[in-house]
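For reference, start.txt is printed below; it contains compact mmCIF, C-alpha atoms.
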# COMPACT_ATOMS: atom_id res chain seq x y z
CA MET E 1 43.25 15.83 -11.52
CA THR E 2 39.59 15.05 -11.11
CA GLN E 3 37.27 17.93 -10.31
CA GLN E 4 35.67 17.99 -6.85
CA PHE E 5 32.42 19.59 -5.75
CA HIS E 6 32.76 19.55 -1.97
CA GLY E 7 29.96 21.40 -0.28
CA ASN E 8 28.22 22.23 -3.54
CA THR E 9 24.57 21.17 -3.57
CA LEU E 10 22.84 20.89 -6.94
CA SER E 11 20.09 23.44 -7.55
CA ASP E 12 16.56 22.69 -6.34
CA ALA E 13 15.51 22.45 -9.98
CA ALA E 14 18.14 19.79 -10.69
CA LEU E 15 17.20 17.81 -7.57
CA ASP E 16 13.54 18.06 -8.58
CA GLN E 17 14.39 16.79 -12.07
CA ILE E 18 16.28 13.68 -10.95
CA PHE E 19 14.55 12.89 -7.63
CA ASN E 20 11.80 14.97 -6.11
CA GLU E 21 9.46 15.62 -9.02
CA ALA E 22 10.50 12.68 -11.21
CA ARG E 23 7.88 9.94 -11.41
CA SER E 24 7.51 6.47 -12.89
CA TYR E 25 5.23 6.83 -15.90
CA ASN E 26 2.66 4.36 -17.23
CA GLY E 27 1.91 6.21 -20.47
CA TRP E 28 3.91 8.16 -23.01
CA LEU E 29 3.56 11.20 -25.23
CA ASP E 30 3.85 10.48 -28.97
CA LYS E 31 7.42 11.74 -29.26
CA ASP E 32 10.46 9.76 -30.34
CA VAL E 33 13.68 9.11 -28.44
CA SER E 34 16.60 9.22 -30.86
CA GLU E 35 19.58 6.90 -31.11
CA SER E 36 21.79 9.77 -30.01
CA GLN E 37 19.69 10.23 -26.87
CA ILE E 38 20.02 6.51 -26.10
CA LYS E 39 23.77 6.74 -26.53
CA ALA E 40 23.91 9.85 -24.33
CA ILE E 41 22.16 7.92 -21.54
CA TYR E 42 24.77 5.17 -21.79
CA GLU E 43 27.66 7.65 -21.83
CA LEU E 44 26.49 8.86 -18.40
CA LEU E 45 25.46 5.55 -16.86
CA LYS E 46 28.75 3.86 -17.68
CA MET E 47 30.56 6.42 -15.48
CA GLY E 48 28.75 5.18 -12.36
CA PRO E 49 30.72 2.90 -10.04
CA THR E 50 30.56 -0.89 -10.17
CA SER E 51 32.61 -3.31 -8.09
CA ALA E 52 36.05 -3.78 -9.71
CA ASN E 53 34.60 -1.85 -12.68
CA MET E 54 32.85 -5.08 -13.65
CA GLN E 55 30.18 -3.27 -15.72
CA PRO E 56 28.02 -6.42 -15.84
CA GLY E 57 24.94 -4.76 -17.35
CA ARG E 58 23.96 -5.71 -20.91
CA PHE E 59 21.37 -3.44 -22.48
CA VAL E 60 18.98 -4.11 -25.36
CA TRP E 61 17.12 -0.97 -26.40
CA VAL E 62 13.83 -2.02 -27.99
CA THR E 63 12.70 0.64 -30.47
CA SER E 64 11.24 -1.07 -33.55
CA ASP E 65 7.57 -2.02 -33.76
CA GLU E 66 8.53 -5.64 -34.44
CA ALA E 67 10.77 -5.93 -31.35
CA LYS E 68 8.26 -4.06 -29.16
CA GLU E 69 5.58 -6.58 -30.16
CA ARG E 70 7.87 -9.49 -29.24
CA LEU E 71 8.71 -7.94 -25.88
CA ALA E 72 5.06 -7.06 -25.19
CA GLY E 73 4.24 -10.74 -25.75
CA TYR E 74 6.37 -11.63 -22.70
CA ALA E 75 5.11 -8.80 -20.48
CA SER E 76 2.36 -9.21 -17.90
CA ASP E 77 -1.10 -8.13 -19.02
CA GLY E 78 -0.79 -4.77 -17.30
CA ASN E 79 2.53 -4.04 -18.98
CA LYS E 80 1.87 -5.11 -22.60
CA ASP E 81 0.34 -1.83 -23.74
CA LYS E 82 2.98 0.17 -21.89
CA VAL E 83 5.72 -1.57 -23.87
CA ARG E 84 3.83 -1.02 -27.14
CA ALA E 85 3.29 2.68 -26.44
CA ALA E 86 6.74 3.64 -25.16
CA PRO E 87 9.22 4.99 -27.72
CA VAL E 88 11.94 2.83 -26.14
CA THR E 89 11.95 0.02 -23.61
CA VAL E 90 15.37 -1.14 -22.49
CA ILE E 91 15.97 -4.70 -21.32
CA ILE E 92 18.51 -4.70 -18.46
CA GLY E 93 20.42 -7.98 -18.41
CA TYR E 94 23.61 -9.10 -16.72
CA ASP E 95 26.52 -11.27 -17.79
CA ILE E 96 27.32 -13.93 -15.21
CA ASP E 97 30.72 -14.36 -16.88
CA PHE E 98 31.59 -10.66 -16.65
CA HIS E 99 34.95 -11.68 -15.21
CA GLU E 100 36.11 -12.62 -18.72
CA GLU E 101 36.11 -8.87 -19.50
CA LEU E 102 38.04 -7.77 -16.41
CA PRO E 103 41.50 -7.95 -18.01
CA TRP E 104 40.59 -4.85 -20.04
CA LEU E 105 37.99 -3.30 -17.69
CA PHE E 106 40.21 -3.49 -14.56
CA PRO E 107 43.67 -3.85 -16.05
CA HIS E 108 45.95 -3.00 -13.12
CA VAL E 109 45.38 -6.27 -11.20
CA ASP E 110 44.34 -9.83 -12.06
CA ALA E 111 40.72 -9.36 -10.95
CA LYS E 112 39.50 -12.14 -13.25
CA SER E 113 41.08 -14.72 -10.93
CA TRP E 114 39.00 -13.45 -7.98
CA PHE E 115 35.84 -14.74 -9.64
CA GLU E 116 36.96 -17.94 -11.37
CA GLY E 117 35.21 -21.07 -10.16
CA ASP E 118 32.60 -19.14 -8.14
CA GLU E 119 29.53 -18.99 -10.38
CA GLU E 120 27.18 -18.32 -7.44
CA GLY E 121 29.28 -15.36 -6.31
CA ARG E 122 29.48 -14.05 -9.87
CA LYS E 123 25.71 -14.23 -10.25
CA GLU E 124 25.23 -12.29 -7.00
CA GLY E 125 27.80 -9.66 -8.03
CA ALA E 126 26.42 -9.37 -11.54
CA ALA E 127 22.85 -8.96 -10.28
CA ARG E 128 23.79 -6.37 -7.64
CA ASN E 129 26.01 -4.30 -9.90
CA SER E 130 23.75 -4.41 -12.95
CA ALA E 131 20.96 -3.14 -10.70
CA LEU E 132 23.22 -0.23 -9.72
CA GLN E 133 23.73 0.40 -13.43
CA GLY E 134 19.97 0.29 -14.03
CA ALA E 135 19.53 2.97 -11.38
CA TYR E 136 22.24 5.08 -13.04
CA LEU E 137 20.37 4.58 -16.33
CA MET E 138 17.15 6.00 -14.86
CA ILE E 139 18.90 8.96 -13.22
CA ALA E 140 20.83 9.63 -16.45
CA ALA E 141 17.65 9.56 -18.54
CA ARG E 142 16.00 11.99 -16.15
CA ALA E 143 19.08 14.21 -16.14
CA LEU E 144 18.72 14.41 -19.94
CA GLY E 145 15.08 15.51 -19.75
CA LEU E 146 13.46 12.11 -20.25
CA ASP E 147 11.18 10.01 -18.04
CA CYS E 148 11.32 6.33 -17.07
CA GLY E 149 8.86 3.54 -16.42
CA PRO E 150 10.63 0.59 -14.77
CA MET E 151 8.79 -2.76 -14.81
CA SER E 152 9.47 -6.19 -13.36
CA GLY E 153 6.24 -7.80 -14.58
CA VAL E 154 7.71 -9.73 -17.49
CA ASP E 155 8.63 -13.36 -18.21
CA LEU E 156 12.38 -13.04 -17.74
CA ASP E 157 13.22 -16.53 -18.98
CA ALA E 158 11.37 -15.92 -22.23
CA VAL E 159 13.00 -12.49 -22.67
CA THR E 160 16.41 -14.02 -22.00
CA LYS E 161 15.88 -16.78 -24.57
CA ASP E 162 14.65 -14.40 -27.24
CA PHE E 163 16.70 -11.23 -26.83
CA PHE E 164 19.93 -12.76 -25.53
CA ALA E 165 19.80 -15.91 -27.70
CA ASP E 166 23.30 -15.24 -29.00
CA GLN E 167 24.70 -14.45 -25.51
CA PRO E 168 24.19 -17.58 -23.38
CA ARG E 169 26.04 -16.00 -20.42
CA VAL E 170 23.47 -13.20 -20.13
CA LYS E 171 20.22 -13.20 -18.14
CA ALA E 172 17.49 -10.57 -18.50
CA ASP E 173 16.66 -8.98 -15.12
CA TRP E 174 14.04 -6.26 -15.64
CA ILE E 175 12.82 -3.76 -18.23
CA CYS E 176 12.41 0.01 -18.27
CA SER E 177 10.55 2.23 -20.70
CA VAL E 178 12.12 5.58 -21.56
CA GLY E 179 10.41 8.52 -23.20
CA TYR E 180 8.39 11.64 -22.51
CA GLY E 181 5.93 10.69 -19.82
CA ASP E 182 2.25 11.46 -20.19
CA PRO E 183 1.25 13.41 -17.05
CA GLU E 184 -2.23 11.85 -17.31
CA SER E 185 -0.72 8.39 -16.76
CA ILE E 186 0.48 8.78 -13.18
CA PHE E 187 -1.33 8.36 -9.90
CA GLU E 188 -0.74 9.85 -6.47
CA ARG E 189 2.81 9.27 -5.31
CA SER E 190 3.06 6.33 -2.91
CA PRO E 191 4.04 7.21 0.68
CA ARG E 192 7.71 7.63 1.55
CA PRO E 193 9.10 6.54 4.93
CA ASP E 194 10.46 8.87 7.61
CA PHE E 195 14.19 8.62 8.19
CA LYS E 196 13.80 6.71 11.43
CA THR E 197 11.66 3.95 9.91
CA PHE E 198 14.41 2.26 7.89
CA ASN E 199 17.58 4.02 9.11
CA ARG E 200 19.79 3.97 12.18
CA ILE E 201 22.85 6.04 13.05
CA VAL E 202 25.30 4.16 15.28
CA MET Y 1 0.42 18.12 -10.88
CA THR Y 2 3.97 16.89 -10.96
CA GLN Y 3 6.54 19.09 -12.63
CA GLN Y 4 8.08 17.83 -15.89
CA PHE Y 5 11.46 18.65 -17.39
CA HIS Y 6 11.04 17.37 -20.94
CA GLY Y 7 14.00 18.26 -23.12
CA ASN Y 8 15.86 19.97 -20.29
CA THR Y 9 19.38 18.62 -19.83
CA LEU Y 10 21.13 19.32 -16.53
CA SER Y 11 24.12 21.64 -16.76
CA ASP Y 12 27.53 20.19 -17.61
CA ALA Y 13 28.63 21.09 -14.08
CA ALA Y 14 25.77 19.09 -12.56
CA LEU Y 15 26.45 16.08 -14.83
CA ASP Y 16 30.13 16.30 -13.89
CA GLN Y 17 29.22 16.36 -10.21
CA ILE Y 18 27.01 13.26 -10.25
CA PHE Y 19 28.61 11.24 -13.09
CA ASN Y 20 31.53 12.42 -15.18
CA GLU Y 21 33.97 13.78 -12.60
CA ALA Y 22 32.70 11.84 -9.59
CA ARG Y 23 35.03 9.08 -8.45
CA SER Y 24 35.08 6.29 -5.87
CA TYR Y 25 37.45 7.40 -3.12
CA ASN Y 26 39.78 5.29 -1.00
CA GLY Y 27 40.76 8.02 1.45
CA TRP Y 28 39.01 10.89 3.17
CA LEU Y 29 39.69 14.44 4.25
CA ASP Y 30 39.39 15.04 8.00
CA LYS Y 31 35.98 16.67 7.80
CA ASP Y 32 32.77 15.46 9.42
CA VAL Y 33 29.47 14.54 7.81
CA SER Y 34 26.62 15.73 10.00
CA GLU Y 35 23.42 13.94 10.96
CA SER Y 36 21.49 16.48 8.93
CA GLN Y 37 23.59 15.66 5.85
CA ILE Y 38 22.87 11.95 6.36
CA LYS Y 39 19.16 12.68 6.62
CA ALA Y 40 19.29 14.88 3.51
CA ILE Y 41 20.80 11.96 1.55
CA TYR Y 42 17.93 9.72 2.66
CA GLU Y 43 15.29 12.34 1.83
CA LEU Y 44 16.51 12.23 -1.79
CA LEU Y 45 17.20 8.50 -2.13
CA LYS Y 46 13.78 7.52 -0.84
CA MET Y 47 12.18 9.35 -3.79
CA GLY Y 48 13.81 6.97 -6.29
CA PRO Y 49 11.59 4.26 -7.76
CA THR Y 50 11.38 0.73 -6.36
CA SER Y 51 9.09 -2.03 -7.57
CA ALA Y 52 5.66 -1.60 -5.94
CA ASN Y 53 7.32 1.07 -3.76
CA MET Y 54 8.76 -1.83 -1.74
CA GLN Y 55 11.64 0.30 -0.35
CA PRO Y 56 13.46 -2.83 0.86
CA GLY Y 57 16.72 -1.07 1.79
CA ARG Y 58 17.66 -0.87 5.46
CA PHE Y 59 20.49 1.54 6.25
CA VAL Y 60 22.85 1.62 9.22
CA TRP Y 61 25.03 4.74 9.20
CA VAL Y 62 28.21 3.97 11.09
CA THR Y 63 29.64 7.19 12.55
CA SER Y 64 30.98 6.46 16.08
CA ASP Y 65 34.55 5.28 16.64
CA GLU Y 66 33.25 2.21 18.46
CA ALA Y 67 30.95 1.12 15.62
CA LYS Y 68 33.59 1.90 12.97
CA GLU Y 69 36.02 -0.40 14.79
CA ARG Y 70 33.44 -3.21 14.87
CA LEU Y 71 32.71 -2.80 11.15
CA ALA Y 72 36.41 -2.56 10.27
CA GLY Y 73 36.87 -5.89 12.02
CA TYR Y 74 34.62 -7.54 9.43
CA ALA Y 75 36.12 -5.76 6.40
CA SER Y 76 38.76 -7.27 4.14
CA ASP Y 77 42.33 -6.22 4.91
CA GLY Y 78 42.32 -3.61 2.16
CA ASN Y 79 39.11 -2.03 3.45
CA LYS Y 80 39.72 -1.88 7.23
CA ASP Y 81 41.58 1.41 7.24
CA LYS Y 82 39.12 2.93 4.78
CA VAL Y 83 36.27 2.22 7.20
CA ARG Y 84 38.26 3.66 10.12
CA ALA Y 85 39.16 6.83 8.23
CA ALA Y 86 35.78 7.64 6.64
CA PRO Y 87 33.50 10.00 8.58
CA VAL Y 88 30.54 7.71 7.77
CA THR Y 89 30.22 4.23 6.31
CA VAL Y 90 26.69 3.11 5.57
CA ILE Y 91 25.71 -0.56 5.65
CA ILE Y 92 23.14 -1.26 2.92
CA GLY Y 93 20.92 -4.17 3.91
CA TYR Y 94 17.61 -5.46 2.64
CA ASP Y 95 14.52 -6.86 4.32
CA ILE Y 96 13.42 -10.14 2.76
CA ASP Y 97 10.03 -9.66 4.42
CA PHE Y 98 9.54 -6.19 2.96
CA HIS Y 99 6.06 -7.28 1.89
CA GLU Y 100 4.87 -6.88 5.49
CA GLU Y 101 5.24 -3.11 4.98
CA LEU Y 102 3.39 -2.92 1.66
CA PRO Y 103 -0.05 -2.24 3.17
CA TRP Y 104 1.18 1.28 4.06
CA LEU Y 105 3.88 1.70 1.37
CA PHE Y 106 1.63 0.69 -1.54
CA PRO Y 107 -1.83 1.19 -0.08
CA HIS Y 108 -4.05 1.23 -3.17
CA VAL Y 109 -3.87 -2.53 -3.89
CA ASP Y 110 -3.15 -5.69 -1.88
CA ALA Y 111 0.49 -5.95 -3.01
CA LYS Y 112 1.45 -7.93 0.10
CA SER Y 113 -0.40 -10.95 -1.25
CA TRP Y 114 1.74 -10.94 -4.43
CA PHE Y 115 4.77 -11.91 -2.38
CA GLU Y 116 3.37 -14.23 0.29
CA GLY Y 117 4.79 -17.75 0.23
CA ASP Y 118 7.54 -16.86 -2.26
CA GLU Y 119 10.65 -16.27 -0.16
CA GLU Y 120 13.00 -16.87 -3.11
CA GLY Y 121 11.18 -14.25 -5.19
CA ARG Y 122 11.17 -11.82 -2.28
CA LYS Y 123 14.90 -12.23 -1.80
CA GLU Y 124 15.51 -11.52 -5.48
CA GLY Y 125 13.24 -8.48 -5.45
CA ALA Y 126 14.70 -7.17 -2.19
CA ALA Y 127 18.28 -7.55 -3.45
CA ARG Y 128 17.56 -5.92 -6.82
CA ASN Y 129 15.57 -3.01 -5.40
CA SER Y 130 17.88 -2.32 -2.46
CA ALA Y 131 20.74 -2.14 -4.97
CA LEU Y 132 18.74 0.48 -6.89
CA GLN Y 133 18.37 2.35 -3.61
CA GLY Y 134 22.10 2.09 -2.95
CA ALA Y 135 22.76 3.69 -6.33
CA TYR Y 136 20.30 6.47 -5.51
CA LEU Y 137 22.17 6.92 -2.21
CA MET Y 138 25.48 7.45 -4.02
CA ILE Y 139 23.99 9.85 -6.57
CA ALA Y 140 22.19 11.73 -3.78
CA ALA Y 141 25.39 12.07 -1.73
CA ARG Y 142 27.24 13.40 -4.77
CA ALA Y 143 24.38 15.77 -5.56
CA LEU Y 144 24.83 17.19 -2.06
CA GLY Y 145 28.55 17.80 -2.54
CA LEU Y 146 29.84 14.60 -0.92
CA ASP Y 147 31.87 11.69 -2.27
CA CYS Y 148 31.36 7.92 -1.95
CA GLY Y 149 33.53 4.85 -1.59
CA PRO Y 150 31.45 1.70 -2.20
CA MET Y 151 32.95 -1.61 -1.03
CA SER Y 152 31.91 -5.24 -1.25
CA GLY Y 153 34.99 -6.65 0.49
CA VAL Y 154 33.38 -7.37 3.85
CA ASP Y 155 32.13 -10.45 5.72
CA LEU Y 156 28.42 -9.92 5.12
CA ASP Y 157 27.26 -12.71 7.42
CA ALA Y 158 29.21 -11.22 10.32
CA VAL Y 159 27.93 -7.71 9.57
CA THR Y 160 24.38 -9.04 9.37
CA LYS Y 161 24.67 -10.83 12.73
CA ASP Y 162 26.18 -7.81 14.48
CA PHE Y 163 24.44 -4.78 13.00
CA PHE Y 164 21.05 -6.33 12.23
CA ALA Y 165 20.92 -8.60 15.31
CA ASP Y 166 17.53 -7.17 16.26
CA GLN Y 167 16.14 -7.46 12.69
CA PRO Y 168 16.31 -11.16 11.74
CA ARG Y 169 14.57 -10.48 8.39
CA VAL Y 170 17.39 -8.20 7.22
CA LYS Y 171 20.60 -9.18 5.41
CA ALA Y 172 23.59 -6.85 4.92
CA ASP Y 173 24.51 -6.58 1.22
CA TRP Y 174 27.41 -4.09 0.84
CA ILE Y 175 28.89 -1.01 2.48
CA CYS Y 176 29.68 2.49 1.27
CA SER Y 177 31.78 5.21 2.86
CA VAL Y 178 30.56 8.79 2.53
CA GLY Y 179 32.58 11.93 3.11
CA TYR Y 180 34.88 14.43 1.47
CA GLY Y 181 37.19 12.39 -0.74
CA ASP Y 182 40.93 12.89 -0.57
CA PRO Y 183 42.07 13.56 -4.16
CA GLU Y 184 45.38 11.85 -3.34
CA SER Y 185 43.53 8.58 -2.73
CA ILE Y 186 42.31 7.87 -6.26
CA PHE Y 187 44.03 6.20 -9.19
CA GLU Y 188 43.53 6.53 -12.93
CA ARG Y 189 39.92 5.92 -13.88
CA SER Y 190 39.34 2.40 -15.17
CA PRO Y 191 38.37 2.13 -18.86
CA ARG Y 192 34.77 2.57 -19.88
CA PRO Y 193 33.22 0.57 -22.74
CA ASP Y 194 32.05 2.00 -26.06
CA PHE Y 195 28.30 1.93 -26.59
CA LYS Y 196 28.44 -0.98 -29.00
CA THR Y 197 30.33 -3.27 -26.62
CA PHE Y 198 27.47 -3.91 -24.19
CA ASN Y 199 24.47 -2.36 -25.97
CA ARG Y 200 22.21 -3.19 -28.89
CA ILE Y 201 19.34 -1.25 -30.44
CA VAL Y 202 16.68 -3.51 -31.96
Exercise: express the given structure as structure tokens:
Amino acid sequence: MTQQFHGNTLSDAALDQIFNEARSYNGWLDKDVSESQIKAIYELLKMGPTSANMQPGRFVWVTSDEAKERLAGYASDGNKDKVRAAPVTVIIGYDIDFHEELPWLFPHVDAKSWFEGDEEGRKEGAARNSALQGAYLMIAARALGLDCGPMSGVDLDAVTKDFFADQPRVKADWICSVGYGDPESIFERSPRPDFKTFNRIV
Amino acid sequence: MTQQFHGNTLSDAALDQIFNEARSYNGWLDKDVSESQIKAIYELLKMGPTSANMQPGRFVWVTSDEAKERLAGYASDGNKDKVRAAPVTVIIGYDIDFHEELPWLFPHVDAKSWFEGDEEGRKEGAARNSALQGAYLMIAARALGLDCGPMSGVDLDAVTKDFFADQPRVKADWICSVGYGDPESIFERSPRPDFKTFNRIV
């Protein structure tokens, strides 16, 4: 039986760590992120829900100087040095043929057949659900005491061709640095909307 | 100065609550979710990062019997009763003209101009970033002691026309019930991949 937590709110410190005090960093302290930390992030993010457990995200964790330099070459001018300085930058891609994996990811029904012949629908589902997984990745990293720096300023076609050359079904979608954020590298937090601005209760 | 949590891992109980023991529910206990709980979810989710603070998500929280019945009418057969039974089902939409709001959401540069004349790019950015916000919504609800039941089996065009009739720039993207999950309504957890299946470190 799964454990439930009805009515239990996480501590203020935990909510601060994953939401209220967490920030997107532009610079990084000179401190490594280990392979076991990267794997711990994935162990959490993979538990987050995706439609029909499709798990369409494909993740390339860029840690070597050589790979960072290649990735920096495709980043916009403002992002090149961020990629070089971060201990890790993960490329979040998605597999538009994720349905090929559904026989083992969602074994109790023939979910693969739902997506056959509908490449446009698969692309939409893969993009939406890999974005969910990217959000889980950031929350997981924060929950493990790390900071994130998500970036969309990058030549996605070039990143796809280079880093997913052996996976022609996969498209790169965005990138996110992970490490120990340098508090000197952040600015004032941008304004957040009131509830009524973008919400309705009906 | 923002608070940092470097090296601090959330407790096992907290990680269980937001990731490891949390499940997507198909049925709900007969227990209300209050307006103040809905607002508390939004207060957390809005702190999560979006590209250029675009905050493209538009949220309609369906709580009345009348609105639930309308939404159930657009849901797939398997989802109709879930929508009727849940105390709240939120419609996650996105505004493809989110850039009109950037002068106040991202005030320190002219970010609006980056997106003018590029409707295709705006749609992609709005879809990706509203999906991030939907993931923050689910993690926030769980962090507050609630459960979620995300669903994509719904006629999105019909939901858009009905629930966003007064907001022609907004498209519905998926729906998610929120409440106190009925433990009888879940099945075995679907398999999760090993790290090496969908990840590489380079």
Would you list the contacts of E:Leu10 as number ranges by chain, taking every protein, DNA or RNA residue within 10 Å and counting only C-alpha atoms, but skipping same-chain residues closer than 6 positions in sequence?
E: 16; Y: 10-11, 13-15, 17-18, 140, 142-145
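Counting from atom CA of Y:Glu35, the distance to atom CA of E:Ile201 is 8.2 Å.
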Give me the chain Y side of the contact with chain E, cut-off 7 Å, one line per residue showing its nearest atom pair and distance in Å at one decimal, counting only C-alpha atoms, sorted by chain and residue number, as JSON lines.
{"residue": "Y:Thr2", "atom": "CA", "partner": "E:Glu21", "partner_atom": "CA", "distance": 6.0}
{"residue": "Y:Gln3", "atom": "CA", "partner": "E:Glu21", "partner_atom": "CA", "distance": 5.8}
{"residue": "Y:Phe5", "atom": "CA", "partner": "E:Gly145", "partner_atom": "CA", "distance": 5.3}
{"residue": "Y:His6", "atom": "CA", "partner": "E:Gly145", "partner_atom": "CA", "distance": 4.6}
{"residue": "Y:Gly7", "atom": "CA", "partner": "E:Gly145", "partner_atom": "CA", "distance": 4.5}
{"residue": "Y:Asn8", "atom": "CA", "partner": "E:Gly145", "partner_atom": "CA", "distance": 4.6}
{"residue": "Y:Thr9", "atom": "CA", "partner": "E:Leu144", "partner_atom": "CA", "distance": 4.3}
{"residue": "Y:Leu10", "atom": "CA", "partner": "E:Ala143", "partner_atom": "CA", "distance": 5.5}
{"residue": "Y:Ala14", "atom": "CA", "partner": "E:Leu10", "partner_atom": "CA", "distance": 6.6}
{"residue": "Y:Gln17", "atom": "CA", "partner": "E:Phe5", "partner_atom": "CA", "distance": 6.4}
{"residue": "Y:Phe19", "atom": "CA", "partner": "E:Met47", "partner_atom": "CA", "distance": 5.7}
{"residue": "Y:Asn20", "atom": "CA", "partner": "E:Met47", "partner_atom": "CA", "distance": 6.1}
{"residue": "Y:Glu21", "atom": "CA", "partner": "E:Gln3", "partner_atom": "CA", "distance": 5.8}
{"residue": "Y:Ser24", "atom": "CA", "partner": "E:Pro49", "partner_atom": "CA", "distance": 6.9}
{"residue": "Y:Lys39", "atom": "CA", "partner": "E:Phe195", "partner_atom": "CA", "distance": 6.6}
{"residue": "Y:Tyr42", "atom": "CA", "partner": "E:Phe195", "partner_atom": "CA", "distance": 6.8}
{"residue": "Y:Leu44", "atom": "CA", "partner": "E:Phe19", "partner_atom": "CA", "distance": 6.2}
{"residue": "Y:Lys46", "atom": "CA", "partner": "E:Arg192", "partner_atom": "CA", "distance": 6.5}
{"residue": "Y:Met47", "atom": "CA", "partner": "E:Phe19", "partner_atom": "CA", "distance": 5.7}
{"residue": "Y:Gly48", "atom": "CA", "partner": "E:Phe19", "partner_atom": "CA", "distance": 6.1}
{"residue": "Y:Pro49", "atom": "CA", "partner": "E:Ser24", "partner_atom": "CA", "distance": 6.9}
{"residue": "Y:Asn53", "atom": "CA", "partner": "E:Ser190", "partner_atom": "CA", "distance": 6.8}
{"residue": "Y:Arg58", "atom": "CA", "partner": "E:Phe198", "partner_atom": "CA", "distance": 5.1}
{"residue": "Y:Phe59", "atom": "CA", "partner": "E:Asn199", "partner_atom": "CA", "distance": 4.8}
{"residue": "Y:Val60", "atom": "CA", "partner": "E:Arg200", "partner_atom": "CA", "distance": 4.9}
{"residue": "Y:Trp61", "atom": "CA", "partner": "E:Ile201", "partner_atom": "CA", "distance": 4.6}
{"residue": "Y:Val62", "atom": "CA", "partner": "E:Val202", "partner_atom": "CA", "distance": 5.1}
{"residue": "Y:Thr63", "atom": "CA", "partner": "E:Val202", "partner_atom": "CA", "distance": 6.0}
{"residue": "Y:Ser64", "atom": "CA", "partner": "E:Val202", "partner_atom": "CA", "distance": 6.2}
{"residue": "Y:Ala67", "atom": "CA", "partner": "E:Val202", "partner_atom": "CA", "distance": 6.4}
{"residue": "Y:Leu105", "atom": "CA", "partner": "E:Pro191", "partner_atom": "CA", "distance": 5.6}
{"residue": "Y:Phe106", "atom": "CA", "partner": "E:Ser190", "partner_atom": "CA", "distance": 6.0}
{"residue": "Y:Arg128", "atom": "CA", "partner": "E:Ala131", "partner_atom": "CA", "distance": 5.9}
{"residue": "Y:Ala131", "atom": "CA", "partner": "E:Leu132", "partner_atom": "CA", "distance": 5.7}
{"residue": "Y:Leu132", "atom": "CA", "partner": "E:Ala135", "partner_atom": "CA", "distance": 5.2}
{"residue": "Y:Ala135", "atom": "CA", "partner": "E:Leu132", "partner_atom": "CA", "distance": 5.2}
{"residue": "Y:Tyr136", "atom": "CA", "partner": "E:Ala135", "partner_atom": "CA", "distance": 6.9}
{"residue": "Y:Ala143", "atom": "CA", "partner": "E:Leu10", "partner_atom": "CA", "distance": 5.5}
{"residue": "Y:Leu144", "atom": "CA", "partner": "E:Thr9", "partner_atom": "CA", "distance": 4.3}
{"residue": "Y:Gly145", "atom": "CA", "partner": "E:Gly7", "partner_atom": "CA", "distance": 4.5}
{"residue": "Y:Leu146", "atom": "CA", "partner": "E:His6", "partner_atom": "CA", "distance": 5.8}
{"residue": "Y:Tyr180", "atom": "CA", "partner": "E:His6", "partner_atom": "CA", "distance": 6.5}
{"residue": "Y:Ser190", "atom": "CA", "partner": "E:Phe106", "partner_atom": "CA", "distance": 6.0}
{"residue": "Y:Pro191", "atom": "CA", "partner": "E:Leu105", "partner_atom": "CA", "distance": 5.6}
{"residue": "Y:Arg192", "atom": "CA", "partner": "E:Lys46", "partner_atom": "CA", "distance": 6.5}
{"residue": "Y:Phe195", "atom": "CA", "partner": "E:Lys39", "partner_atom": "CA", "distance": 6.6}
{"residue": "Y:Phe198", "atom": "CA", "partner": "E:Arg58", "partner_atom": "CA", "distance": 5.1}
{"residue": "Y:Asn199", "atom": "CA", "partner": "E:Phe59", "partner_atom": "CA", "distance": 4.8}
{"residue": "Y:Arg200", "atom": "CA", "partner": "E:Val60", "partner_atom": "CA", "distance": 4.9}
{"residue": "Y:Ile201", "atom": "CA", "partner": "E:Trp61", "partner_atom": "CA", "distance": 4.6}
{"residue": "Y:Val202", "atom": "CA", "partner": "E:Val62", "partner_atom": "CA", "distance": 5.1}
Atomic distance atom CA of E:Val109 - atom CA of Y:Leu71, expressed in Å with one decimal:
25.9 Å
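In terms of minimum interatomic distance to Y:Gln37, Y:Pro87 ranks closest within Y:Pro87, Y:Ser76, Y:Ile175, Y:Gly121, counting only C-alpha atoms.
Between atom CA of E:Asp110 and atom CA of Y:Asp77 the separation is 17.5 Å.
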Determine, counting all atoms listed in the file, every residue of protein, DNA or RNA that lies within 6 Å of (8.5, 2.1, -23.0) in the file coordinates, then give the result as number ranges by chain.
E: 82-83, 86-89, 177-178
Spatial neighbours of E:Phe115, max dist 12 Å, all atoms listed in the file, sep filter under 3 positions, as a PyMOL selection string:
chain E and resi 51-52+54+96-102+110-112+118-126
Go ahead and dump the residues you just picked, C-alpha atoms, as a short mmCIF file (atom, residue, chain, number, x, y, z; two decimals), in the coordinates of the input.
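Writing done, so here's selection.cif:
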data_model
loop_
_atom_site.label_atom_id
_atom_site.label_comp_id
_atom_site.auth_asym_id
_atom_site.auth_seq_id
_atom_site.Cartn_x
_atom_site.Cartn_y
_atom_site.Cartn_z
CA SER E 51 32.61 -3.31 -8.09
CA ALA E 52 36.05 -3.78 -9.71
CA MET E 54 32.85 -5.08 -13.65
CA ILE E 96 27.32 -13.93 -15.21
CA ASP E 97 30.72 -14.36 -16.88
CA PHE E 98 31.59 -10.66 -16.65
CA HIS E 99 34.95 -11.68 -15.21
CA GLU E 100 36.11 -12.62 -18.72
CA GLU E 101 36.11 -8.87 -19.50
CA LEU E 102 38.04 -7.77 -16.41
CA ASP E 110 44.34 -9.83 -12.06
CA ALA E 111 40.72 -9.36 -10.95
CA LYS E 112 39.50 -12.14 -13.25
CA ASP E 118 32.60 -19.14 -8.14
CA GLU E 119 29.53 -18.99 -10.38
CA GLU E 120 27.18 -18.32 -7.44
CA GLY E 121 29.28 -15.36 -6.31
CA ARG E 122 29.48 -14.05 -9.87
CA LYS E 123 25.71 -14.23 -10.25
CA GLU E 124 25.23 -12.29 -7.00
CA GLY E 125 27.80 -9.66 -8.03
CA ALA E 126 26.42 -9.37 -11.54
#
